[in-house]
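Student: Input structure: model_11.cif, which contains mmCIF, C-alpha atoms and all ligand atoms.
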```
data_final
loop_
_atom_site.label_atom_id
_atom_site.label_comp_id
_atom_site.auth_asym_id
_atom_site.auth_seq_id
_atom_site.Cartn_x
_atom_site.Cartn_y
_atom_site.Cartn_z
CA MET S 209 9.98 -19.17 24.77
CA SER S 210 12.74 -17.55 22.82
CA ILE S 211 13.28 -13.97 21.83
CA GLU S 212 12.93 -13.17 18.14
CA LYS S 213 14.25 -10.11 16.37
CA PHE S 214 12.57 -8.50 13.38
CA ASP S 215 12.11 -5.18 11.60
CA GLY S 216 8.55 -4.11 10.97
CA ILE S 217 6.16 -1.24 10.35
CA VAL S 218 2.99 -0.50 12.32
CA LEU S 219 -0.12 -0.81 10.11
CA LYS S 220 -2.65 -0.44 12.91
CA GLU S 221 -2.74 0.30 16.63
CA THR S 222 -5.54 -0.55 19.04
CA GLU S 223 -5.86 -0.27 22.79
CA LEU S 224 -4.73 -3.11 25.00
CA GLY S 225 -5.97 -2.67 28.53
CA GLU S 226 -5.55 0.77 30.07
CA THR S 227 -1.96 1.47 29.15
CA GLY S 228 -0.90 -0.94 26.42
CA LYS S 229 -1.30 -1.20 22.66
CA ARG S 230 -1.99 -4.08 20.34
CA LEU S 231 -0.11 -3.45 17.11
CA THR S 232 -0.58 -4.92 13.67
CA VAL S 233 2.96 -5.03 12.33
CA PHE S 234 4.11 -5.80 8.77
CA ALA S 235 7.44 -7.48 9.44
CA LYS S 236 10.31 -8.37 7.16
CA ASP S 237 10.61 -12.15 6.55
CA ILE S 238 7.49 -12.85 8.66
CA GLY S 239 4.61 -10.84 7.19
CA LYS S 240 1.64 -9.50 9.13
CA ILE S 241 1.74 -10.22 12.85
CA THR S 242 0.20 -8.98 16.09
CA VAL S 243 2.57 -7.44 18.63
CA SER S 244 1.50 -6.41 22.10
CA ALA S 245 3.39 -3.49 23.59
CA LYS S 246 2.80 -3.11 27.31
CA GLY S 247 2.61 0.45 28.62
CA ALA S 248 2.97 1.89 25.10
CA LYS S 249 0.35 4.58 25.73
CA SER S 250 2.53 6.26 28.32
CA ALA S 251 4.76 9.01 26.91
CA LYS S 252 7.61 7.70 29.05
CA SER S 253 7.37 4.17 27.68
CA ARG S 254 10.17 2.80 25.50
CA PHE S 255 7.40 1.74 23.12
CA SER S 256 5.85 5.20 22.92
CA ALA S 257 7.46 6.17 19.58
CA PRO S 258 7.83 2.70 17.96
CA SER S 259 4.15 1.90 18.56
CA GLN S 260 2.90 4.81 16.44
CA LEU S 261 1.19 4.25 13.11
CA PHE S 262 3.68 4.24 10.13
CA CYS S 263 6.67 3.75 12.47
CA TYR S 264 9.26 1.29 11.11
CA SER S 265 11.23 -0.23 13.97
CA SER S 266 13.59 -2.96 14.97
CA PHE S 267 11.79 -5.17 17.52
CA SER S 268 12.80 -7.93 19.84
CA ALA S 269 9.88 -9.95 21.17
CA TYR S 270 8.79 -13.19 22.80
CA LYS S 271 6.66 -15.29 20.52
CA ASN S 272 3.45 -16.60 22.05
CA LYS S 273 0.99 -18.81 20.25
CA ASN S 274 -0.83 -16.13 18.28
CA PHE S 275 1.11 -12.98 18.92
CA TYR S 276 4.41 -11.43 19.88
CA ASN S 277 5.15 -9.72 23.18
CA ALA S 278 7.51 -6.81 22.58
CA VAL S 279 10.59 -6.58 24.79
CA THR S 280 12.49 -3.81 23.03
CA ALA S 281 11.82 -1.60 20.02
CA GLU S 282 14.05 0.93 18.30
CA VAL S 283 12.82 3.33 15.66
CA ILE S 284 14.48 2.96 12.24
CA GLU S 285 12.21 5.44 10.41
CA SER S 286 9.16 7.22 11.77
CA PHE S 287 7.99 8.92 8.53
CA TYR S 288 6.95 11.78 10.83
CA GLU S 289 6.55 14.19 7.88
CA ILE S 290 3.32 12.35 7.00
CA ARG S 291 1.71 13.93 10.06
CA THR S 292 2.65 17.46 9.04
CA ASP S 293 0.34 17.52 6.01
CA ILE S 294 -3.30 16.42 5.95
CA LYS S 295 -3.12 15.20 2.33
CA LYS S 296 0.01 13.17 2.95
CA LEU S 297 -1.71 11.71 6.01
CA ALA S 298 -4.91 10.83 4.13
CA TYR S 299 -3.14 9.01 1.27
CA ALA S 300 -0.72 7.27 3.64
CA CYS S 301 -3.66 6.07 5.78
CA PHE S 302 -5.42 4.80 2.66
CA ILE S 303 -2.52 2.67 1.38
CA THR S 304 -1.82 1.47 4.92
CA GLU S 305 -5.40 0.27 5.44
CA LEU S 306 -5.37 -1.28 1.95
CA THR S 307 -2.21 -3.20 2.88
CA ASP S 308 -3.54 -4.26 6.28
CA LYS S 309 -6.88 -5.48 4.90
CA ASN S 310 -5.36 -7.48 2.05
CA LEU S 311 -2.37 -9.08 3.71
CA MET S 312 -2.70 -12.59 5.12
CA GLU S 313 -1.47 -13.05 8.66
CA GLY S 314 1.94 -14.70 9.04
CA GLN S 315 2.84 -14.92 5.35
CA SER S 316 6.05 -13.17 4.36
CA ALA S 317 5.64 -10.59 1.60
CA ASP S 318 8.98 -8.81 1.42
CA GLU S 319 8.51 -7.40 -2.07
CA LEU S 320 5.26 -5.76 -0.98
CA LEU S 321 6.92 -4.48 2.20
CA LYS S 322 9.66 -2.88 0.11
CA LEU S 323 7.05 -1.27 -2.15
CA PHE S 324 5.06 -0.05 0.85
CA LEU S 325 8.15 1.50 2.52
CA THR S 326 9.16 3.16 -0.78
CA ALA S 327 5.66 4.62 -1.25
CA LEU S 328 5.62 5.96 2.32
CA ALA S 329 9.09 7.49 1.84
CA VAL S 330 7.94 9.19 -1.37
CA ILE S 331 4.77 10.52 0.29
CA SER S 332 6.53 11.69 3.44
CA LYS S 333 9.85 13.02 2.18
CA THR S 334 9.28 14.38 -1.32
CA ASP S 335 6.92 16.82 -3.01
CA TYR S 336 5.77 14.11 -5.45
CA ASP S 337 1.97 14.18 -5.79
CA GLU S 338 0.70 11.92 -2.97
CA ARG S 339 -2.41 11.07 -4.99
CA LEU S 340 -0.28 9.69 -7.83
CA ALA S 341 2.06 7.95 -5.35
CA ALA S 342 -0.94 6.09 -3.91
CA LEU S 343 -2.08 5.07 -7.43
CA VAL S 344 1.40 3.79 -8.30
CA PHE S 345 1.31 1.77 -5.08
CA GLU S 346 -2.15 0.37 -5.84
CA THR S 347 -1.15 -0.66 -9.39
CA LYS S 348 1.93 -2.51 -8.18
CA PHE S 349 0.12 -4.02 -5.18
CA LEU S 350 -2.52 -5.48 -7.53
CA ASN S 351 0.30 -6.74 -9.75
CA LEU S 352 2.19 -8.38 -6.86
CA SER S 353 -1.08 -10.02 -5.77
CA GLY S 354 -1.49 -11.53 -9.24
CA TYR S 355 -4.35 -9.38 -10.55
CA PHE S 356 -2.89 -6.76 -12.90
CA ALA S 357 -0.25 -8.71 -14.79
CA GLN S 358 0.51 -6.32 -17.65
CA ALA S 359 -0.64 -3.29 -19.60
CA ASP S 360 1.41 -3.76 -22.78
CA LYS S 361 -0.39 -6.96 -23.75
CA CYS S 362 -4.09 -7.81 -23.85
CA ALA S 363 -5.24 -9.59 -20.67
CA GLU S 364 -7.67 -11.69 -22.73
CA CYS S 365 -5.83 -12.73 -25.95
CA GLY S 366 -2.23 -11.72 -25.20
CA ILE S 367 -1.74 -9.58 -28.29
CA GLU S 368 0.50 -6.52 -27.96
CA ILE S 369 -1.42 -3.34 -27.23
CA THR S 370 -0.29 -0.80 -29.79
CA ASP S 371 -2.84 1.92 -30.38
CA GLU S 372 -5.86 1.49 -28.16
CA GLY S 373 -6.36 -0.03 -24.72
CA ILE S 374 -9.70 -0.81 -23.08
CA PHE S 375 -9.84 -1.26 -19.32
CA ASN S 376 -11.94 -4.10 -17.96
CA ALA S 377 -11.42 -4.88 -14.26
CA SER S 378 -13.12 -8.27 -14.24
CA LYS S 379 -10.99 -9.42 -17.20
CA GLY S 380 -7.81 -8.51 -15.33
CA GLY S 381 -6.82 -5.13 -16.75
CA VAL S 382 -6.12 -3.83 -20.25
CA LEU S 383 -7.72 -5.38 -23.32
CA CYS S 384 -6.98 -4.87 -27.01
CA ARG S 385 -9.56 -3.15 -29.23
CA ASP S 386 -11.12 -6.42 -30.45
CA CYS S 387 -11.43 -8.02 -26.99
CA GLY S 388 -12.58 -4.69 -25.57
CA THR S 389 -15.34 -4.45 -28.17
CA LEU S 390 -16.42 -7.98 -27.27
CA CYS S 391 -16.13 -7.80 -23.47
CA GLY S 392 -16.80 -4.11 -22.86
CA GLY S 393 -14.85 -1.67 -20.75
CA GLU S 394 -13.55 1.87 -20.65
CA LYS S 395 -11.36 3.30 -23.39
CA LEU S 396 -8.09 4.39 -21.83
CA LEU S 397 -6.47 7.75 -22.50
CA VAL S 398 -3.01 7.45 -24.04
CA GLY S 399 -1.54 8.87 -20.80
CA THR S 400 -3.34 6.33 -18.60
CA LEU S 401 -2.19 3.40 -20.72
CA SER S 402 1.42 4.67 -20.70
CA ALA S 403 1.30 5.23 -16.92
CA PHE S 404 0.10 1.68 -16.24
CA GLU S 405 2.69 0.27 -18.67
CA TYR S 406 5.46 2.30 -17.04
CA ILE S 407 4.55 1.29 -13.48
CA LEU S 408 4.19 -2.40 -14.30
CA LEU S 409 7.54 -2.48 -16.08
CA SER S 410 9.57 -0.50 -13.50
CA LYS S 411 10.94 -1.25 -10.08
CA GLY S 412 11.81 0.60 -6.88
CA LYS S 413 11.88 4.39 -6.65
CA LYS S 414 11.86 4.70 -10.45
CA MET S 415 8.16 3.93 -10.44
CA PHE S 416 7.50 7.24 -8.75
CA SER S 417 9.25 9.44 -11.29
CA PHE S 418 6.59 10.50 -13.78
CA ARG S 419 3.77 13.00 -13.77
CA VAL S 420 0.36 12.89 -15.41
CA SER S 421 -2.53 15.22 -16.20
CA GLU S 422 -5.57 15.63 -13.94
CA GLU S 423 -7.64 13.69 -16.50
CA VAL S 424 -5.25 10.75 -16.37
CA LEU S 425 -5.17 10.82 -12.55
CA PHE S 426 -8.94 10.68 -12.50
CA GLN S 427 -9.08 7.74 -14.93
CA MET S 428 -6.34 5.81 -13.14
CA GLU S 429 -8.21 6.27 -9.87
CA LYS S 430 -11.46 5.03 -11.40
CA CYS S 431 -9.87 1.94 -13.02
CA LEU S 432 -7.86 0.97 -9.94
CA GLY S 433 -10.90 1.50 -7.70
CA GLU S 434 -12.87 -0.93 -9.88
CA MET S 435 -10.06 -3.46 -9.77
CA ILE S 436 -9.61 -3.23 -6.00
CA ARG S 437 -13.35 -3.68 -5.48
CA GLU S 438 -13.29 -6.68 -7.85
CA TYR S 439 -10.39 -8.57 -6.28
CA MET S 440 -9.50 -7.09 -2.90
CA VAL S 441 -10.99 -5.56 0.21
CA MET S 442 -11.48 -1.80 -0.17
CA PRO S 443 -10.46 0.39 2.79
CA GLU S 444 -13.46 1.88 4.59
CA ASN S 445 -12.20 4.09 7.40
CA SER S 446 -9.54 5.90 5.42
CA ALA S 447 -11.68 6.18 2.26
CA GLY S 448 -13.97 8.65 4.03
CA PHE S 449 -11.01 10.64 5.34
CA LEU S 450 -9.53 10.73 1.85
CA LYS S 451 -12.77 12.06 0.36
CA SER S 452 -12.82 14.85 2.92
CA VAL S 453 -9.38 16.20 1.94
CA LYS S 454 -9.76 16.01 -1.86
ZN ZN Z 501 -7.26 -9.11 -26.98
#
```
Take the structure in the file and give it back as structure tokens.
Ligand SMILES: [Zn+2]

Tutor:
Amino acid sequence: MSIEKFDGIVLKETELGETGKRLTVFAKDIGKITVSAKGAKSAKSRFSAPSQLFCYSSFSAYKNKNFYNAVTAEVIESFYEIRTDIKKLAYACFITELTDKNLMEGQSADELLKLFLTALAVISKTDYDERLAALVFETKFLNLSGYFAQADKCAECGIEITDEGIFNASKGGVLCRDCGTLCGGEKLLVGTLSAFEYILLSKGKKMFSFRVSEEVLFQMEKCLGEMIREYMVMPENSAGFLKSVK
């Protein structure tokens, strides 16, 4: 057995025996893995802080057949501000569960990890609307997973969308007027169409630099919800929590 080093963020923590924790970690270069942290429940443990939800740490661990056994862990970023605000916490929990439920074990997904860390940083450290931050994350997550390719061209016929966009989740996103009339869907507000176009064409922190009206937020939420239910696994635990803070 050799020791491996990796940086990763805790997506989920469950109990392991009386004092330990079993962590679901989203690690750079490796993807989603299970890490056991002995004694992590004790406040005196060296794993006490790094084993918390949302904590991004540098680990060293022995690799067993199906999981890693943590030897050391040092916190890189705890995103502790998330815990100081119930809304920040609710949206962060939602995107974390969404990531956990839709990430295959042991398959590296560094672009998604970068997006996830950026979204958490925006939610925890800025006053950017956490609801919009979560929607930006969802749009790009769907895109990275191959489901929401574009919003500036029709998902059905490929023609450029100029004046009117119709949203149809099962057809893969935005349709032109003709395809929308044929296949059905919801007419998008100009603001919703521009928001989707902007997100899908931008990268990094820039994605989180626009604001929209309440009406647009509501429509984005509805469309993305339909698309997640169509192609992915929808979070259950955090969805209820989210409803309670809205
Ligand atoms: Zn079309």

Student: Name the residues in contact with region 260-268 of chain S at a cut-off of 7 Å, using only C-alpha atoms, excluding same-chain residues fewer than 6 positions from it; report them as a PyMOL selection string.

Tutor: chain S and resi 211-221+278-287

Student: With ligand ZN 501 (chain Z) as the partner and 8 Å as the cut-off, tabulate the residues of chain S that qualify, each row holding the nearest pair of atoms and their distance in Å to one decimal, using all atoms listed in the file, sorted by chain and rising number, as a tab-separated table.

Tutor:
```
residue	atom	partner	partner_atom	distance
S:Lys361	CA	Z:ZN501	ZN	7.9
S:Cys362	CA	Z:ZN501	ZN	4.6
S:Ala363	CA	Z:ZN501	ZN	6.6
S:Glu364	CA	Z:ZN501	ZN	5.0
S:Cys365	CA	Z:ZN501	ZN	4.0
S:Gly366	CA	Z:ZN501	ZN	5.9
S:Ile367	CA	Z:ZN501	ZN	5.7
S:Leu383	CA	Z:ZN501	ZN	5.2
S:Cys384	CA	Z:ZN501	ZN	4.2
S:Arg385	CA	Z:ZN501	ZN	6.8
S:Asp386	CA	Z:ZN501	ZN	5.8
S:Cys387	CA	Z:ZN501	ZN	4.3
S:Gly388	CA	Z:ZN501	ZN	7.1
```

Student: Could those selected residues go to a file with C-alpha atoms, as a PDB file, in the coordinates of the input?

Tutor:
```pdb
ATOM      1  CA  LYS S 361      -0.390  -6.960 -23.750  1.00  0.00           C
ATOM      2  CA  CYS S 362      -4.090  -7.810 -23.850  1.00  0.00           C
ATOM      3  CA  ALA S 363      -5.240  -9.590 -20.670  1.00  0.00           C
ATOM      4  CA  GLU S 364      -7.670 -11.690 -22.730  1.00  0.00           C
ATOM      5  CA  CYS S 365      -5.830 -12.730 -25.950  1.00  0.00           C
ATOM      6  CA  GLY S 366      -2.230 -11.720 -25.200  1.00  0.00           C
ATOM      7  CA  ILE S 367      -1.740  -9.580 -28.290  1.00  0.00           C
ATOM      8  CA  LEU S 383      -7.720  -5.380 -23.320  1.00  0.00           C
ATOM      9  CA  CYS S 384      -6.980  -4.870 -27.010  1.00  0.00           C
ATOM     10  CA  ARG S 385      -9.560  -3.150 -29.230  1.00  0.00           C
ATOM     11  CA  ASP S 386     -11.120  -6.420 -30.450  1.00  0.00           C
ATOM     12  CA  CYS S 387     -11.430  -8.020 -26.990  1.00  0.00           C
ATOM     13  CA  GLY S 388     -12.580  -4.690 -25.570  1.00  0.00           C
TER      14      GLY S 388
END
```

Student: Tell me, as a JSON list (two decimals) with C-alpha atoms, in the frame of the given file, which residues lie within 10 Å of Ser446 (chain S), counting only C-alpha atoms; anything in the same chain fewer than 4 positions away does not count.

Tutor:
```
[["chain", "number", "residue", "atom", "x", "y", "z"],
["S", 297, "LEU", "CA", -1.71, 11.71, 6.01],
["S", 298, "ALA", "CA", -4.91, 10.83, 4.13],
["S", 299, "TYR", "CA", -3.14, 9.01, 1.27],
["S", 300, "ALA", "CA", -0.72, 7.27, 3.64],
["S", 301, "CYS", "CA", -3.66, 6.07, 5.78],
["S", 302, "PHE", "CA", -5.42, 4.80, 2.66],
["S", 303, "ILE", "CA", -2.52, 2.67, 1.38],
["S", 304, "THR", "CA", -1.82, 1.47, 4.92],
["S", 305, "GLU", "CA", -5.40, 0.27, 5.44],
["S", 306, "LEU", "CA", -5.37, -1.28, 1.95],
["S", 442, "MET", "CA", -11.48, -1.80, -0.17],
["S", 450, "LEU", "CA", -9.53, 10.73, 1.85],
["S", 451, "LYS", "CA", -12.77, 12.06, 0.36],
["S", 452, "SER", "CA", -12.82, 14.85, 2.92]]
```

Student: Hey, which of S:Val243, S:Met209, S:Leu397, S:Ile290 ends up closest to Leu224 (chain S)? Count only C-alpha atoms.

Tutor: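 Closest candidate: S:Val243.
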
Student: With all atoms listed in the file as the atoms that count, which of S:Gly314, S:Ala245, S:Ile238, S:Gly433 lies nearest to Ala447 (chain S)?

Tutor: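 Smallest distance to Ala447 (chain S) is found for S:Gly433.
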
Student: Between S:Leu432, S:Gln315, S:Ile369, S:Met415, which one has atoms that come closest to Thr347 (chain S), using only C-alpha atoms?

Tutor: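 So, comparing all the options, the nearest one is S:Leu432.
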
Student: Quick one, how far is CA of Gly392 (chain S) from CA of Leu350 (chain S)?

Tutor: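 Spanning CA of Gly392 (chain S) to CA of Leu350 (chain S) is a straight-line distance of 21.0 Å.
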
Student: So, with all atoms listed in the file as the atoms that count, which of S:Ala377, S:Ser256, S:Thr227, S:Val453 lies closest to Lys430 (chain S)?

Tutor: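 Among the listed residues, the smallest separation from Lys430 (chain S) belongs to S:Ala377.
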
Student: Which polymer residues, protein or nucleic acid, are no farther than 10 Å from (-8.1, -12.1, -3.2), counting all atoms listed in the file, as number ranges by chain?

Tutor: S: 310-312, 350, 353-355, 436, 438-441

Student: Given only C-alpha atoms as the basis, pick out the residue of S:Phe324, S:Arg254, S:Gly247, S:Cys431 nearest to Leu352 (chain S).

Tutor: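 For Leu352 (chain S), the nearest of the given residues is S:Phe324.
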
Student: Thr326 (chain S): which residues within 10 Å, counting all atoms listed in the file, same-chain residues fewer than 4 positions away excluded, as a VMD selection string?

Tutor: chain S and resid 320 to 322 330 to 332 341 345 412 to 413 415 to 416

Student: Is there a way to complete region 251-262 of chain S with all heavy atoms and then write that out as an mmCIF file, in the frame of the given file?

Tutor:
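Result written to result_25.cif:
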```cif
data_model
loop_
_atom_site.group_PDB
_atom_site.id
_atom_site.type_symbol
_atom_site.label_atom_id
_atom_site.label_comp_id
_atom_site.auth_asym_id
_atom_site.auth_seq_id
_atom_site.Cartn_x
_atom_site.Cartn_y
_atom_site.Cartn_z
ATOM 1 N N ALA S 251 3.744 8.250 27.642
ATOM 2 C CA ALA S 251 4.760 9.010 26.910
ATOM 3 C C ALA S 251 6.171 8.610 27.332
ATOM 4 O O ALA S 251 7.131 8.772 26.581
ATOM 5 C CB ALA S 251 4.544 10.499 27.126
ATOM 6 N N LYS S 252 6.278 8.080 28.544
ATOM 7 C CA LYS S 252 7.610 7.700 29.050
ATOM 8 C C LYS S 252 8.017 6.296 28.604
ATOM 9 O O LYS S 252 9.156 5.891 28.794
ATOM 10 C CB LYS S 252 7.593 7.734 30.586
ATOM 11 C CG LYS S 252 7.611 9.138 31.151
ATOM 12 C CD LYS S 252 7.610 9.049 32.666
ATOM 13 C CE LYS S 252 7.429 10.425 33.277
ATOM 14 N NZ LYS S 252 7.016 10.337 34.680
ATOM 15 N N SER S 253 7.081 5.556 28.048
ATOM 16 C CA SER S 253 7.370 4.170 27.680
ATOM 17 C C SER S 253 8.395 4.074 26.551
ATOM 18 O O SER S 253 8.444 4.924 25.656
ATOM 19 C CB SER S 253 6.072 3.493 27.217
ATOM 20 O OG SER S 253 6.364 2.316 26.502
ATOM 21 N N ARG S 254 9.198 3.010 26.581
ATOM 22 C CA ARG S 254 10.170 2.800 25.500
ATOM 23 C C ARG S 254 9.462 2.428 24.201
ATOM 24 O O ARG S 254 10.041 2.464 23.131
ATOM 25 C CB ARG S 254 11.180 1.716 25.906
ATOM 26 C CG ARG S 254 10.584 0.345 26.166
ATOM 27 C CD ARG S 254 11.644 -0.592 26.743
ATOM 28 N NE ARG S 254 11.183 -1.953 26.921
ATOM 29 C CZ ARG S 254 10.434 -2.380 27.937
ATOM 30 N NH1 ARG S 254 10.026 -1.532 28.862
ATOM 31 N NH2 ARG S 254 10.096 -3.647 28.031
ATOM 32 N N PHE S 255 8.180 2.076 24.315
ATOM 33 C CA PHE S 255 7.400 1.740 23.120
ATOM 34 C C PHE S 255 6.590 2.924 22.597
ATOM 35 O O PHE S 255 5.883 2.803 21.601
ATOM 36 C CB PHE S 255 6.437 0.583 23.414
ATOM 37 C CG PHE S 255 7.121 -0.680 23.838
ATOM 38 C CD1 PHE S 255 6.716 -1.360 24.974
ATOM 39 C CD2 PHE S 255 8.168 -1.197 23.091
ATOM 40 C CE1 PHE S 255 7.341 -2.528 25.367
ATOM 41 C CE2 PHE S 255 8.805 -2.368 23.473
ATOM 42 C CZ PHE S 255 8.391 -3.030 24.619
ATOM 43 N N SER S 256 6.679 4.043 23.281
ATOM 44 C CA SER S 256 5.850 5.200 22.920
ATOM 45 C C SER S 256 6.006 5.584 21.447
ATOM 46 O O SER S 256 5.022 5.696 20.716
ATOM 47 C CB SER S 256 6.196 6.369 23.837
ATOM 48 O OG SER S 256 5.609 7.535 23.349
ATOM 49 N N ALA S 257 7.225 5.799 20.987
ATOM 50 C CA ALA S 257 7.460 6.170 19.580
ATOM 51 C C ALA S 257 7.301 4.974 18.621
ATOM 52 O O ALA S 257 6.585 5.073 17.619
ATOM 53 C CB ALA S 257 8.826 6.812 19.415
ATOM 54 N N PRO S 258 7.924 3.813 18.914
ATOM 55 C CA PRO S 258 7.830 2.700 17.960
ATOM 56 C C PRO S 258 6.422 2.133 17.776
ATOM 57 O O PRO S 258 6.172 1.399 16.832
ATOM 58 C CB PRO S 258 8.732 1.619 18.570
ATOM 59 C CG PRO S 258 9.582 2.311 19.548
ATOM 60 C CD PRO S 258 8.819 3.496 20.041
ATOM 61 N N SER S 259 5.499 2.463 18.689
ATOM 62 C CA SER S 259 4.150 1.900 18.560
ATOM 63 C C SER S 259 3.203 2.802 17.787
ATOM 64 O O SER S 259 2.021 2.523 17.680
ATOM 65 C CB SER S 259 3.567 1.615 19.951
ATOM 66 O OG SER S 259 3.361 2.824 20.640
ATOM 67 N N GLN S 260 3.733 3.901 17.227
ATOM 68 C CA GLN S 260 2.900 4.810 16.440
ATOM 69 C C GLN S 260 2.670 4.257 15.032
ATOM 70 O O GLN S 260 3.540 3.600 14.466
ATOM 71 C CB GLN S 260 3.594 6.175 16.290
ATOM 72 C CG GLN S 260 4.042 6.820 17.576
ATOM 73 C CD GLN S 260 2.922 7.585 18.254
ATOM 74 O OE1 GLN S 260 2.053 8.113 17.583
ATOM 75 N NE2 GLN S 260 2.956 7.618 19.563
ATOM 76 N N LEU S 261 1.504 4.605 14.483
ATOM 77 C CA LEU S 261 1.190 4.250 13.110
ATOM 78 C C LEU S 261 2.301 4.730 12.174
ATOM 79 O O LEU S 261 2.848 5.815 12.377
ATOM 80 C CB LEU S 261 -0.144 4.930 12.725
ATOM 81 C CG LEU S 261 -0.767 4.588 11.384
ATOM 82 C CD1 LEU S 261 -1.196 3.125 11.339
ATOM 83 C CD2 LEU S 261 -1.977 5.482 11.125
ATOM 84 N N PHE S 262 2.638 3.980 11.155
ATOM 85 C CA PHE S 262 3.680 4.240 10.130
ATOM 86 C C PHE S 262 5.118 4.093 10.658
ATOM 87 O O PHE S 262 6.060 4.297 9.906
ATOM 88 C CB PHE S 262 3.614 5.641 9.495
ATOM 89 C CG PHE S 262 2.271 6.116 9.088
ATOM 90 C CD1 PHE S 262 1.764 7.319 9.545
ATOM 91 C CD2 PHE S 262 1.503 5.356 8.215
ATOM 92 C CE1 PHE S 262 0.512 7.768 9.154
ATOM 93 C CE2 PHE S 262 0.245 5.793 7.818
ATOM 94 C CZ PHE S 262 -0.255 7.008 8.290
#
```
